[in-house]
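entry.cif (mmCIF, C-alpha atoms and all ligand atoms) appears below.
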```cif
data_work
loop_
_atom_site.label_atom_id
_atom_site.label_comp_id
_atom_site.auth_asym_id
_atom_site.auth_seq_id
_atom_site.Cartn_x
_atom_site.Cartn_y
_atom_site.Cartn_z
CA MET Q 269 21.94 -11.23 -2.54
CA LYS Q 270 22.01 -13.54 -5.56
CA LYS Q 271 20.57 -13.00 -9.01
CA VAL Q 272 20.13 -15.40 -11.89
CA VAL Q 273 20.33 -13.69 -15.26
CA LYS Q 274 18.99 -15.22 -18.44
CA PHE Q 275 19.86 -13.64 -21.78
CA GLY Q 276 17.72 -14.29 -24.82
CA GLY Q 277 18.92 -14.97 -28.34
CA SER Q 278 18.96 -11.37 -29.56
CA SER Q 279 20.99 -10.37 -26.49
CA LEU Q 280 23.70 -12.86 -27.54
CA ALA Q 281 23.43 -12.70 -31.32
CA SER Q 282 26.77 -11.00 -31.98
CA ALA Q 283 30.03 -9.91 -30.32
CA ARG Q 284 28.54 -6.43 -29.93
CA GLN Q 285 25.62 -7.86 -27.95
CA PHE Q 286 27.95 -10.06 -25.86
CA LYS Q 287 29.83 -6.91 -24.83
CA LYS Q 288 26.59 -5.34 -23.55
CA VAL Q 289 25.87 -8.54 -21.63
CA LYS Q 290 29.28 -8.49 -19.97
CA ALA Q 291 28.84 -4.85 -18.99
CA ILE Q 292 25.46 -5.68 -17.43
CA ILE Q 293 26.89 -8.60 -15.45
CA GLU Q 294 29.92 -6.67 -14.29
CA ALA Q 295 27.80 -3.71 -13.20
CA ASP Q 296 26.24 -5.85 -10.47
CA LYS Q 297 28.33 -8.45 -8.66
CA THR Q 298 25.22 -10.25 -7.44
CA ARG Q 299 24.50 -11.38 -11.03
CA CYS Q 300 26.28 -14.66 -10.57
CA TYR Q 301 24.45 -17.41 -12.50
CA VAL Q 302 24.03 -16.86 -16.21
CA VAL Q 303 21.68 -18.75 -18.53
CA PRO Q 304 22.30 -18.06 -22.23
CA SER Q 305 20.09 -18.77 -25.25
CA ALA Q 306 21.56 -19.62 -28.65
CA PRO Q 307 22.52 -16.69 -30.89
CA GLY Q 308 19.29 -15.21 -32.22
CA LYS Q 309 18.58 -12.78 -35.03
CA ARG Q 310 21.00 -9.87 -35.58
CA ASP Q 311 18.36 -8.08 -37.64
CA SER Q 312 14.86 -8.84 -38.82
CA LYS Q 313 16.05 -10.77 -41.88
CA ASP Q 314 18.51 -12.96 -39.99
CA THR Q 315 17.95 -16.61 -38.98
CA LYS Q 316 18.24 -17.91 -35.41
CA VAL Q 317 21.03 -20.44 -34.89
CA THR Q 318 18.46 -22.86 -33.41
CA ASP Q 319 16.56 -22.83 -36.72
CA MET Q 320 19.80 -23.31 -38.66
CA LEU Q 321 20.64 -26.32 -36.49
CA TYR Q 322 17.24 -27.88 -37.15
CA GLN Q 323 17.71 -27.29 -40.88
CA CYS Q 324 21.18 -28.76 -40.84
CA TYR Q 325 20.12 -31.86 -38.94
CA ASP Q 326 17.07 -32.38 -41.17
CA ALA Q 327 19.34 -32.21 -44.21
CA VAL Q 328 21.64 -34.85 -42.69
CA CYS Q 329 18.67 -37.14 -42.00
CA ALA Q 330 17.29 -36.63 -45.51
CA GLY Q 331 20.69 -37.55 -46.98
CA GLU Q 332 20.99 -34.05 -48.47
CA SER Q 333 24.07 -31.86 -48.43
CA TYR Q 334 24.44 -30.14 -45.10
CA LYS Q 335 27.99 -28.75 -45.18
CA ARG Q 336 27.01 -25.27 -46.29
CA ILE Q 337 24.55 -24.68 -43.50
CA LEU Q 338 26.96 -26.22 -40.99
CA ASP Q 339 29.63 -23.76 -42.16
CA GLN Q 340 27.17 -20.89 -41.73
CA ILE Q 341 26.51 -22.01 -38.17
CA LYS Q 342 30.24 -22.23 -37.46
CA LYS Q 343 30.66 -18.74 -38.85
CA ARG Q 344 28.06 -17.33 -36.47
CA TYR Q 345 30.18 -18.58 -33.57
CA THR Q 346 33.61 -17.70 -34.98
CA ASP Q 347 32.40 -14.17 -35.68
CA ILE Q 348 31.45 -13.84 -32.01
CA ILE Q 349 34.72 -15.38 -30.78
CA ASP Q 350 36.82 -13.15 -33.08
CA GLY Q 351 34.79 -10.06 -32.26
CA LEU Q 352 35.49 -10.66 -28.57
CA ASP Q 353 39.17 -11.50 -29.11
CA LEU Q 354 38.84 -14.75 -27.24
CA ASN Q 355 41.46 -17.42 -27.13
CA LEU Q 356 38.92 -20.16 -27.86
CA ASN Q 357 38.57 -22.67 -30.64
CA LEU Q 358 35.40 -24.68 -31.20
CA ASP Q 359 36.77 -26.98 -33.96
CA PHE Q 360 36.77 -29.98 -31.64
CA GLU Q 361 33.17 -29.30 -30.56
CA PHE Q 362 32.03 -28.91 -34.15
CA ALA Q 363 33.73 -32.15 -35.20
CA LYS Q 364 31.88 -33.94 -32.40
CA ILE Q 365 28.59 -32.31 -33.35
CA GLU Q 366 28.97 -33.33 -37.01
CA GLU Q 367 29.82 -36.87 -35.97
CA ASN Q 368 26.73 -37.04 -33.74
CA PHE Q 369 24.53 -35.58 -36.46
CA LEU Q 370 25.70 -38.34 -38.80
CA LYS Q 371 24.91 -40.88 -36.05
CA LYS Q 372 21.39 -39.36 -35.92
CA ALA Q 373 21.62 -38.14 -32.35
CA GLY Q 374 18.15 -36.56 -32.61
CA ARG Q 375 16.59 -33.17 -33.42
CA ASP Q 376 16.65 -32.15 -29.76
CA TYR Q 377 20.36 -32.84 -29.57
CA ALA Q 378 20.84 -30.78 -32.73
CA ALA Q 379 18.86 -27.81 -31.45
CA SER Q 380 20.49 -27.89 -28.02
CA ARG Q 381 23.95 -27.28 -29.48
CA GLY Q 382 23.01 -23.65 -30.05
CA GLU Q 383 22.81 -22.99 -26.32
CA TYR Q 384 25.66 -25.40 -25.51
CA LEU Q 385 28.18 -23.59 -27.72
CA ASN Q 386 26.98 -20.13 -26.71
CA GLY Q 387 27.37 -21.23 -23.09
CA ILE Q 388 30.98 -22.23 -23.69
CA ILE Q 389 31.69 -18.83 -25.25
CA ALA Q 390 29.88 -16.92 -22.50
CA ALA Q 391 31.73 -18.83 -19.75
CA ASN Q 392 35.07 -18.18 -21.40
CA TYR Q 393 34.31 -14.49 -21.94
CA LEU Q 394 33.00 -13.87 -18.42
CA GLY Q 395 35.51 -16.09 -16.65
CA PHE Q 396 32.67 -18.16 -15.11
CA THR Q 397 32.50 -21.96 -14.78
CA PHE Q 398 30.64 -23.78 -17.56
CA VAL Q 399 28.03 -26.30 -16.34
CA ASP Q 400 26.54 -28.53 -19.04
CA ALA Q 401 22.76 -28.49 -18.66
CA ALA Q 402 22.75 -32.21 -19.56
CA ASP Q 403 24.33 -32.86 -16.15
CA VAL Q 404 21.80 -30.91 -14.12
CA ILE Q 405 18.44 -30.79 -15.93
CA ARG Q 406 16.55 -34.07 -15.83
CA PHE Q 407 13.78 -35.51 -17.98
CA ASP Q 408 12.23 -38.96 -17.71
CA ALA Q 409 12.42 -41.45 -20.59
CA GLU Q 410 9.22 -40.00 -22.10
CA GLY Q 411 10.60 -36.47 -22.00
CA ASN Q 412 8.63 -35.18 -19.00
CA PHE Q 413 10.56 -32.64 -16.98
CA LEU Q 414 11.51 -33.95 -13.53
CA SER Q 415 11.35 -30.83 -11.41
CA GLU Q 416 12.30 -32.19 -7.99
CA GLU Q 417 15.21 -34.36 -9.20
CA THR Q 418 16.48 -31.42 -11.22
CA ASN Q 419 16.18 -29.06 -8.29
CA GLU Q 420 18.25 -31.37 -6.07
CA GLU Q 421 20.87 -32.03 -8.73
CA MET Q 422 21.18 -28.37 -9.68
CA ARG Q 423 21.35 -27.23 -6.06
CA GLU Q 424 24.15 -29.66 -5.24
CA HIS Q 425 26.05 -28.91 -8.40
CA LEU Q 426 25.93 -25.14 -8.02
CA ALA Q 427 26.52 -25.08 -4.25
CA SER Q 428 30.29 -24.96 -4.69
CA LEU Q 429 30.25 -22.55 -7.62
CA LYS Q 430 30.08 -18.82 -6.95
CA GLN Q 431 29.65 -17.99 -10.62
CA ALA Q 432 28.50 -20.26 -13.42
CA VAL Q 433 27.06 -20.36 -16.92
CA ILE Q 434 24.33 -22.95 -17.49
CA PRO Q 435 23.07 -23.12 -21.10
CA GLY Q 436 19.30 -22.84 -21.49
CA PHE Q 437 16.71 -24.93 -23.32
CA TYR Q 438 17.91 -28.51 -22.77
CA GLY Q 439 18.64 -31.30 -20.34
CA ALA Q 440 19.00 -35.06 -20.53
CA LYS Q 441 16.95 -38.22 -20.14
CA PRO Q 442 18.14 -41.06 -17.86
CA ASP Q 443 20.06 -42.71 -20.73
CA GLY Q 444 21.88 -39.45 -21.46
CA THR Q 445 19.88 -38.57 -24.58
CA ILE Q 446 19.51 -34.82 -24.93
CA HIS Q 447 15.98 -33.47 -24.61
CA THR Q 448 14.80 -29.87 -25.02
CA PHE Q 449 11.93 -27.86 -23.65
CA SER Q 450 9.59 -26.36 -26.24
CA ARG Q 451 10.77 -23.33 -28.21
CA GLY Q 452 11.81 -20.39 -26.10
CA GLY Q 453 12.57 -22.82 -23.27
CA SER Q 454 15.72 -21.10 -22.01
CA ASP Q 455 13.32 -18.97 -19.97
CA ILE Q 456 12.36 -22.15 -18.11
CA THR Q 457 16.00 -23.05 -17.46
CA GLY Q 458 16.58 -19.61 -15.95
CA SER Q 459 13.65 -20.11 -13.64
CA ILE Q 460 14.85 -23.58 -12.62
CA VAL Q 461 18.32 -22.24 -11.78
CA ALA Q 462 16.80 -19.36 -9.80
CA ARG Q 463 14.79 -21.78 -7.70
CA ALA Q 464 17.73 -24.13 -7.14
CA VAL Q 465 20.12 -21.43 -5.89
CA GLN Q 466 17.30 -19.65 -4.03
CA ALA Q 467 17.98 -16.46 -5.89
CA ASP Q 468 16.56 -13.17 -4.69
CA LEU Q 469 15.67 -12.22 -8.25
CA TYR Q 470 15.46 -13.84 -11.67
CA GLU Q 471 16.36 -11.28 -14.33
CA ASN Q 472 15.20 -12.20 -17.80
CA TRP Q 473 17.05 -10.03 -20.31
CA THR Q 474 15.51 -9.61 -23.72
CA ASP Q 475 15.11 -6.92 -26.39
CA VAL Q 476 12.07 -5.13 -24.99
CA SER Q 477 11.72 -3.11 -21.78
CA GLY Q 478 9.10 -5.39 -20.24
CA PHE Q 479 5.52 -6.28 -20.96
CA LEU Q 480 3.34 -3.76 -22.68
CA VAL Q 481 -0.25 -3.25 -21.59
CA THR Q 482 -1.33 -4.44 -25.01
CA ASP Q 483 -0.08 -5.34 -28.48
CA PRO Q 484 1.91 -2.43 -30.00
CA HIS Q 485 0.82 -3.54 -33.48
CA ILE Q 486 -2.70 -2.57 -32.48
CA VAL Q 487 -2.15 0.35 -30.08
CA PRO Q 488 0.91 2.48 -30.95
CA ASN Q 489 3.31 2.95 -28.01
CA PRO Q 490 1.24 1.35 -25.26
CA GLU Q 491 2.38 1.83 -21.68
CA THR Q 492 4.76 -0.67 -20.10
CA ILE Q 493 3.43 -2.72 -17.20
CA GLU Q 494 5.51 -1.90 -14.10
CA THR Q 495 4.36 -4.78 -11.90
CA ILE Q 496 2.29 -7.82 -12.75
CA THR Q 497 1.42 -10.85 -10.64
CA TYR Q 498 2.17 -14.42 -11.76
CA ARG Q 499 -1.55 -15.03 -12.05
CA GLU Q 500 -2.22 -11.99 -14.18
CA LEU Q 501 0.67 -12.97 -16.40
CA ARG Q 502 -0.72 -16.50 -16.81
CA GLU Q 503 -3.99 -15.03 -18.01
CA LEU Q 504 -2.31 -12.64 -20.42
CA SER Q 505 0.29 -15.01 -21.84
CA TYR Q 506 -2.29 -17.72 -22.41
CA MET Q 507 -4.15 -15.20 -24.51
CA GLY Q 508 -1.14 -14.49 -26.64
CA ALA Q 509 1.03 -11.90 -24.89
CA GLY Q 510 4.52 -13.25 -25.72
CA VAL Q 511 7.95 -12.29 -24.20
CA LEU Q 512 8.26 -15.02 -21.56
CA HIS Q 513 7.73 -18.78 -22.04
CA GLU Q 514 4.43 -19.81 -20.48
CA ASP Q 515 6.03 -22.46 -18.26
CA ALA Q 516 8.82 -20.24 -17.00
CA ILE Q 517 6.91 -18.93 -14.03
CA PHE Q 518 6.27 -22.26 -12.29
CA PRO Q 519 9.69 -22.97 -10.70
CA VAL Q 520 10.15 -19.43 -9.37
CA ARG Q 521 6.55 -19.07 -8.35
CA SER Q 522 6.80 -22.01 -6.01
CA ALA Q 523 9.85 -20.37 -4.42
CA ASN Q 524 8.35 -16.84 -4.30
CA ILE Q 525 11.14 -15.39 -6.45
CA PRO Q 526 10.21 -12.34 -8.55
CA ILE Q 527 11.14 -12.15 -12.22
CA ASN Q 528 12.34 -8.90 -13.73
CA ILE Q 529 12.00 -8.58 -17.51
CA LYS Q 530 14.83 -6.28 -18.64
CA ASN Q 531 16.13 -4.87 -21.92
CA THR Q 532 19.76 -5.62 -22.83
CA ASN Q 533 19.71 -2.64 -25.21
CA ALA Q 534 18.33 -0.26 -22.56
CA PRO Q 535 19.53 -1.64 -19.22
CA GLN Q 536 18.59 1.56 -17.39
CA ASP Q 537 14.87 0.91 -18.04
CA ALA Q 538 13.11 -0.61 -15.03
CA GLY Q 539 11.34 -3.25 -17.11
CA THR Q 540 8.46 -5.29 -15.73
CA LEU Q 541 8.54 -6.96 -12.34
CA ILE Q 542 6.56 -10.20 -12.01
CA VAL Q 543 5.67 -10.91 -8.38
CA PRO Q 544 3.53 -13.23 -6.25
CA THR Q 545 0.07 -11.85 -5.56
CA SER Q 546 0.95 -11.36 -1.89
CA HIS Q 547 3.84 -9.02 -2.81
CA ALA Q 548 2.01 -7.02 -5.44
CA PRO Q 549 1.67 -3.28 -4.93
CA ALA Q 550 -1.64 -1.63 -5.77
CA SER Q 551 -1.87 -1.40 -9.51
CA GLU Q 552 -1.63 1.94 -11.25
CA HIS Q 553 -4.69 1.28 -13.38
CA VAL Q 554 -7.77 -0.84 -12.72
CA ILE Q 555 -6.59 -3.17 -15.44
CA THR Q 556 -3.07 -4.48 -15.94
CA GLY Q 557 -3.24 -5.73 -19.50
CA ILE Q 558 -5.38 -6.54 -22.51
CA ALA Q 559 -4.64 -9.51 -24.73
CA GLY Q 560 -6.56 -11.64 -27.14
CA LYS Q 561 -6.62 -14.27 -29.83
CA LYS Q 562 -8.58 -14.83 -32.98
CA ASN Q 563 -9.68 -18.09 -34.56
CA PHE Q 564 -12.14 -19.49 -32.08
CA SER Q 565 -15.33 -21.37 -32.88
CA VAL Q 566 -18.45 -21.84 -30.81
CA ILE Q 567 -20.15 -25.20 -30.64
CA SER Q 568 -23.65 -24.09 -29.84
CA ILE Q 569 -26.11 -26.61 -28.44
CA GLU Q 570 -29.76 -26.14 -27.49
CA LYS Q 571 -31.83 -28.73 -25.74
CA ASP Q 572 -35.07 -28.31 -23.84
CA ARG Q 573 -34.75 -29.03 -20.14
CA MET Q 574 -30.99 -29.37 -20.48
CA ASN Q 575 -30.51 -28.29 -16.87
CA SER Q 576 -32.51 -31.21 -15.50
CA ASN Q 577 -30.93 -33.71 -17.87
CA LYS Q 578 -28.54 -35.59 -15.56
CA GLY Q 579 -25.03 -36.07 -16.97
CA PHE Q 580 -25.68 -33.90 -20.00
CA LEU Q 581 -22.53 -31.79 -19.71
CA ARG Q 582 -20.43 -34.80 -18.79
CA LYS Q 583 -21.52 -36.65 -21.94
CA LEU Q 584 -20.87 -33.57 -24.04
CA LEU Q 585 -17.40 -33.10 -22.58
CA GLN Q 586 -16.63 -36.78 -23.04
CA VAL Q 587 -17.34 -36.56 -26.76
CA LEU Q 588 -15.07 -33.51 -27.01
CA GLU Q 589 -12.34 -35.26 -25.04
CA ASN Q 590 -12.54 -38.27 -27.33
CA HIS Q 591 -11.87 -35.93 -30.25
CA ASP Q 592 -8.98 -34.22 -28.44
CA ILE Q 593 -10.88 -30.97 -28.26
CA PHE Q 594 -10.13 -28.72 -25.35
CA PRO Q 595 -12.96 -26.35 -24.30
CA GLU Q 596 -11.64 -22.85 -23.61
CA HIS Q 597 -14.90 -21.48 -22.19
CA MET Q 598 -18.33 -22.90 -21.66
CA PRO Q 599 -21.03 -20.38 -20.87
CA THR Q 600 -24.35 -22.11 -20.19
CA GLY Q 601 -27.98 -21.05 -20.14
CA ILE Q 602 -30.96 -23.08 -18.92
CA ASP Q 603 -31.46 -24.87 -22.20
CA THR Q 604 -28.27 -23.90 -24.02
CA VAL Q 605 -24.57 -24.42 -23.80
CA SER Q 606 -21.88 -22.81 -25.93
CA VAL Q 607 -18.49 -24.43 -26.00
CA VAL Q 608 -15.75 -22.13 -27.20
CA VAL Q 609 -12.86 -24.00 -28.81
CA ASN Q 610 -9.82 -23.22 -30.89
CA SER Q 611 -10.98 -23.51 -34.50
CA SER Q 612 -7.85 -25.44 -35.46
CA GLU Q 613 -8.90 -28.29 -33.14
CA LEU Q 614 -11.92 -28.90 -35.36
CA ASP Q 615 -9.81 -29.33 -38.49
CA GLY Q 616 -10.54 -32.56 -40.29
CA GLN Q 617 -13.11 -33.79 -37.78
CA ARG Q 618 -16.11 -31.48 -38.03
CA GLU Q 619 -18.38 -34.05 -39.60
CA LYS Q 620 -17.40 -36.88 -37.32
CA LEU Q 621 -17.74 -34.65 -34.27
CA THR Q 622 -21.16 -33.41 -35.36
CA GLU Q 623 -22.39 -36.94 -35.96
CA ARG Q 624 -21.17 -38.11 -32.58
CA LEU Q 625 -22.56 -35.13 -30.68
CA VAL Q 626 -25.97 -35.49 -32.31
CA GLU Q 627 -25.96 -39.17 -31.42
CA VAL Q 628 -24.84 -38.78 -27.80
CA VAL Q 629 -26.40 -35.53 -26.58
CA LYS Q 630 -29.41 -35.46 -28.95
CA PRO Q 631 -29.67 -31.66 -29.16
CA ASP Q 632 -32.74 -29.80 -30.42
CA HIS Q 633 -30.45 -27.45 -32.24
CA PHE Q 634 -26.77 -27.79 -33.01
CA GLU Q 635 -24.43 -25.42 -34.82
CA ILE Q 636 -20.73 -24.62 -35.12
CA ILE Q 637 -20.11 -20.89 -35.55
CA ASP Q 638 -16.65 -19.73 -36.66
CA GLY Q 639 -14.90 -16.38 -36.63
CA LEU Q 640 -14.92 -15.60 -32.93
CA ALA Q 641 -12.15 -13.64 -31.24
CA LEU Q 642 -11.59 -13.61 -27.49
CA ILE Q 643 -10.24 -10.67 -25.56
CA ALA Q 644 -9.03 -10.93 -21.98
CA VAL Q 645 -9.12 -7.80 -19.87
CA VAL Q 646 -6.92 -8.70 -16.92
CA GLY Q 647 -6.14 -6.91 -13.68
CA ARG Q 648 -5.81 -7.52 -9.96
CA GLY Q 649 -7.08 -3.94 -9.58
CA MET Q 650 -10.57 -4.86 -10.75
CA ARG Q 651 -11.33 -6.93 -7.69
CA SER Q 652 -14.28 -5.40 -5.89
CA VAL Q 653 -14.01 -2.23 -7.97
CA LYS Q 654 -17.50 -1.51 -9.15
CA GLY Q 655 -18.21 -0.64 -12.74
CA THR Q 656 -15.28 -2.33 -14.47
CA ALA Q 657 -17.46 -4.57 -16.62
CA THR Q 658 -19.73 -1.63 -17.36
CA ARG Q 659 -16.78 0.36 -18.65
CA VAL Q 660 -15.64 -2.51 -20.88
CA PHE Q 661 -19.13 -2.90 -22.31
CA ALA Q 662 -19.65 0.85 -22.70
CA ALA Q 663 -16.38 1.16 -24.63
CA LEU Q 664 -17.44 -1.65 -26.96
CA SER Q 665 -20.98 -0.42 -27.40
CA HIS Q 666 -19.83 3.13 -28.26
CA ALA Q 667 -17.62 1.58 -30.92
CA ASN Q 668 -20.62 -0.34 -32.23
CA ILE Q 669 -19.08 -3.72 -31.41
CA ASN Q 670 -21.39 -6.59 -30.70
CA ILE Q 671 -20.46 -8.78 -27.72
CA ARG Q 672 -21.10 -12.45 -28.44
CA MET Q 673 -19.88 -13.98 -25.22
CA ILE Q 674 -18.97 -12.84 -21.71
CA ASP Q 675 -17.12 -14.79 -19.08
CA GLN Q 676 -15.91 -13.48 -15.74
CA GLY Q 677 -14.26 -15.82 -13.27
CA SER Q 678 -15.16 -15.52 -9.62
CA SER Q 679 -11.55 -14.56 -8.92
CA GLU Q 680 -12.43 -11.22 -10.52
CA LEU Q 681 -9.03 -11.17 -12.15
CA ASN Q 682 -10.26 -11.06 -15.70
CA ILE Q 683 -13.18 -10.45 -17.97
CA ILE Q 684 -13.22 -12.46 -21.17
CA ILE Q 685 -15.32 -11.27 -24.03
CA GLY Q 686 -16.06 -12.91 -27.36
CA ILE Q 687 -16.54 -10.70 -30.41
CA ASN Q 688 -16.43 -11.07 -34.18
CA ALA Q 689 -12.83 -11.50 -35.31
CA GLY Q 690 -13.27 -8.49 -37.63
CA ASP Q 691 -13.78 -6.22 -34.59
CA PHE Q 692 -10.66 -7.44 -32.80
CA ASP Q 693 -8.28 -4.50 -33.27
CA LYS Q 694 -10.95 -1.90 -32.73
CA ALA Q 695 -12.09 -3.59 -29.51
CA ILE Q 696 -8.58 -3.66 -28.05
CA LYS Q 697 -8.07 0.01 -28.93
CA VAL Q 698 -11.27 1.22 -27.30
CA ILE Q 699 -10.69 -0.79 -24.13
CA TYR Q 700 -7.15 0.60 -23.93
CA ASP Q 701 -8.48 4.14 -24.36
CA MET Q 702 -11.14 3.62 -21.74
CA PHE Q 703 -8.85 2.24 -19.03
CA ILE Q 704 -5.35 3.48 -19.71
CA LEU Q 705 -5.59 6.72 -21.65
CA SER Q 706 -8.52 8.12 -19.75
CA GLU Q 707 -7.21 7.22 -16.27
N1 LIG C 1 17.07 -21.22 -28.74
C1 LIG C 1 15.80 -21.79 -28.44
C2 LIG C 1 14.73 -21.22 -29.37
O1 LIG C 1 15.06 -20.52 -30.31
C3 LIG C 1 15.44 -21.64 -27.00
C4 LIG C 1 15.42 -20.22 -26.48
O2 LIG C 1 15.92 -19.29 -27.10
O3 LIG C 1 14.91 -20.02 -25.39
O4 LIG C 1 13.59 -21.52 -29.20
#
```

Could you show the structure in this file as structure tokens?
Ligand code: ASP
Amino acid sequence: MKKVVKFGGSSLASARQFKKVKAIIEADKTRCYVVPSAPGKRDSKDTKVTDMLYQCYDAVCAGESYKRILDQIKKRYTDIIDGLDLNLNLDFEFAKIEENFLKKAGRDYAASRGEYLNGIIAANYLGFTFVDAADVIRFDAEGNFLSEETNEEMREHLASLKQAVIPGFYGAKPDGTIHTFSRGGSDITGSIVARAVQADLYENWTDVSGFLVTDPHIVPNPETIETITYRELRELSYMGAGVLHEDAIFPVRSANIPINIKNTNAPQDAGTLIVPTSHAPASEHVITGIAGKKNFSVISIEKDRMNSNKGFLRKLLQVLENHDIFPEHMPTGIDTVSVVVNSSELDGQREKLTERLVEVVKPDHFEIIDGLALIAVVGRGMRSVKGTATRVFAALSHANINIRMIDQGSSELNIIIGINAGDFDKAIKVIYDMFILSE
């Protein structure tokens, strides 16, 4: 049995948090590969070390004074080292970092030092071997992640190590330049390590006890999701349910390794288990989660005999592609098509886009309507269960909410509904009540 454990920034923000992490690792000898984030916020007003590093590096590049912020960063680490009574001194590392900042080693290099230094501390404190992620995580010259090369390299490197700390978030390009994943990317590193060592479980330790059925800012104290499939999670996280980086599921998914989201501050809580569809138990409720996003617009097009107009949709999509607009949904009627897009993608190009669409697709009527919110009701339990859509619509209609768009994929894993952004919170509440409270 082998587990890879990734600890997020708040789990490693102070010496006190490091002590909890050590207790967790020592409580289970199979927790043998550790992926740390950089120190995160100690309280809601605090700043993440990653953000401090970006600030510091930007100041260096702008020729502004940077010493104060650099000292604050150093203090974050010395406080941890002192609080843990470690015989460790990072002066040499900091001198090197400052030198590289002055040589303009890049923003990614700057940001990556948060994880790098926290990894050195964690390895020292746990008595594990430190493995620099720059030696095992590979990107190509353009910064694309090279999954197979990385998997080989990581597998070979870790084969002889029973216990190791591999800092999250970064790797290196062929010329050795440091490159990072997008923000929150230590989750991806954890998943990559889990795949490489063929772990039985990837534990992702954070500051919440798993995924909640819906946003606690909208529904107070929603239930925690016990088990969710990778596919359900994809649907929910795309629609805004945070906690795990969107790309973190791919490496483990291909290796059928479950992910357990756990809470460093409440390790006894079961958390949420993310599993392949084939291993998923029957779900407790018909739906697994409800998520949504505001700020969508509908590009609404009407054209007589649209359905017999060869190439109509292709031409429409081509115009959108040329404007870098990504259609989220595209419900069609016989003579109408509505393209739902993120409103921000229209910024600065509404007029040009309108002109071009009118020219190419020659609609009878054309309109861009703003202020749409999308809600995804997701659940493997809704497959072939009759009446799920009815219940969603009944809940909304009783709350006097007008449905402006409906989209259900043939996988029957989700129902997407479009409503006015002003009805967003109310809609989520009534759907939650209908499916979770009343079941
Ligand atoms: N430290 C990085 C960030 O703040 C990466 C991570 O925590 O996963 O985004």

At most 6 Å from ligand LIG 1 (chain C) (only C-alpha atoms and all ligand atoms): residue list as a compact mmCIF listing (two decimals) with C-alpha atoms, in the frame of the given file:
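This is the output file part.txt:
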```
# COMPACT_ATOMS: atom_id res chain seq x y z
CA GLY Q 276 17.72 -14.29 -24.82
CA GLY Q 277 18.92 -14.97 -28.34
CA SER Q 305 20.09 -18.77 -25.25
CA ALA Q 306 21.56 -19.62 -28.65
CA THR Q 318 18.46 -22.86 -33.41
CA PHE Q 437 16.71 -24.93 -23.32
CA ARG Q 451 10.77 -23.33 -28.21
CA GLY Q 452 11.81 -20.39 -26.10
CA GLY Q 453 12.57 -22.82 -23.27
CA SER Q 454 15.72 -21.10 -22.01
CA ASP Q 455 13.32 -18.97 -19.97
```

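All residues of protein, DNA or RNA that reach within 7 Å of range 496-499 of chain Q, judged by only C-alpha atoms and not counting those fewer than 2 positions away in the chain, are Q:Ile493, Q:Glu494, Q:Leu501, Q:Arg502, Q:Glu503, Q:Ile517, Q:Leu541, Q:Ile542, Q:Val543, Q:Pro544, Q:Thr545, Q:Ala548.
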
Which residue gives the smallest distance to Ser333 in chain Q among Q:Leu370, Q:Asp376, Q:Thr315, Q:Ile696, with all atoms listed in the file counted?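 Ranking Q:Leu370, Q:Asp376, Q:Thr315, Q:Ile696 by distance to Ser333 in chain Q, first place goes to Q:Leu370.
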
Interatomic distance (Å, one decimal) between CA of Asn386 in chain Q and CA of Phe286 in chain Q: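 CA of Phe286 in chain Q lies 10.2 Å from CA of Asn386 in chain Q.
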
Can you measure CA of Cys329 in chain Q to CA of Gly444 in chain Q for me? One decimal in Å is fine. 20.9 Å

I'd like the neighbourhood of Ala378 in chain Q as a VMD selection string, where a residue qualifies if any of its atoms comes within 12 Å (using only C-alpha atoms), though same-chain residues fewer than 5 positions away should be ignored. chain Q and resid 306 317 to 329 338 341 362 364 to 373 383 to 385 437 to 438 445 to 448

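The smallest atom-to-atom distance between Phe661 in chain Q and any of Q:Ser551, Q:Ile699, Q:Gly411, Q:Arg463, using all atoms listed in the file, is found for Q:Ile699.
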
Residues near range 597-601 of chain Q, cut-off 9 Å, only C-alpha atoms, skip fewer than 6 positions along chain, as a compact mmCIF listing (two decimals) with C-alpha atoms, in the coordinates of the input:
```txt
# COMPACT_ATOMS: atom_id res chain seq x y z
CA MET Q 574 -30.99 -29.37 -20.48
CA ASN Q 575 -30.51 -28.29 -16.87
CA VAL Q 607 -18.49 -24.43 -26.00
CA VAL Q 608 -15.75 -22.13 -27.20
CA VAL Q 609 -12.86 -24.00 -28.81
CA MET Q 673 -19.88 -13.98 -25.22
CA ILE Q 674 -18.97 -12.84 -21.71
CA ASP Q 675 -17.12 -14.79 -19.08
```

Please identify all polymer residues lying at most 6 Å from the point (-12.9, -16.1, -36.0) (file coordinates), using all atoms listed in the file, and present the result as a PyMOL selection string. chain Q and resi 562-564+638-641+689

Select all residues near (-13.3, -25.6, -24.5) (cut-off 12 Å, inclusive, file coordinates), counting all atoms listed in the file, and output them as a PyMOL selection string. chain Q and resi 564-568+584-589+591-599+605-611+613-614

So how many Å separate CA of Leu504 in chain Q and CA of Glu416 in chain Q, to one decimal?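 Calculated distance between CA of Leu504 in chain Q and CA of Glu416 in chain Q is 27.4 Å.
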
Under the rule that all atoms listed in the file are counted, which of Q:Leu512, Q:Ile434, Q:Ile569, Q:Ala291 is the nearest residue to Lys630 in chain Q?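 Closest to Lys630 in chain Q, using all atoms listed in the file: Q:Ile569.
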
Using all atoms listed in the file, can you tell me which of Q:Thr495, Q:Ser415, Q:Thr298, Q:Asn472 comes closest to Ala550 in chain Q?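 Among the listed residues, Q:Thr495 lies closest to Ala550 in chain Q.
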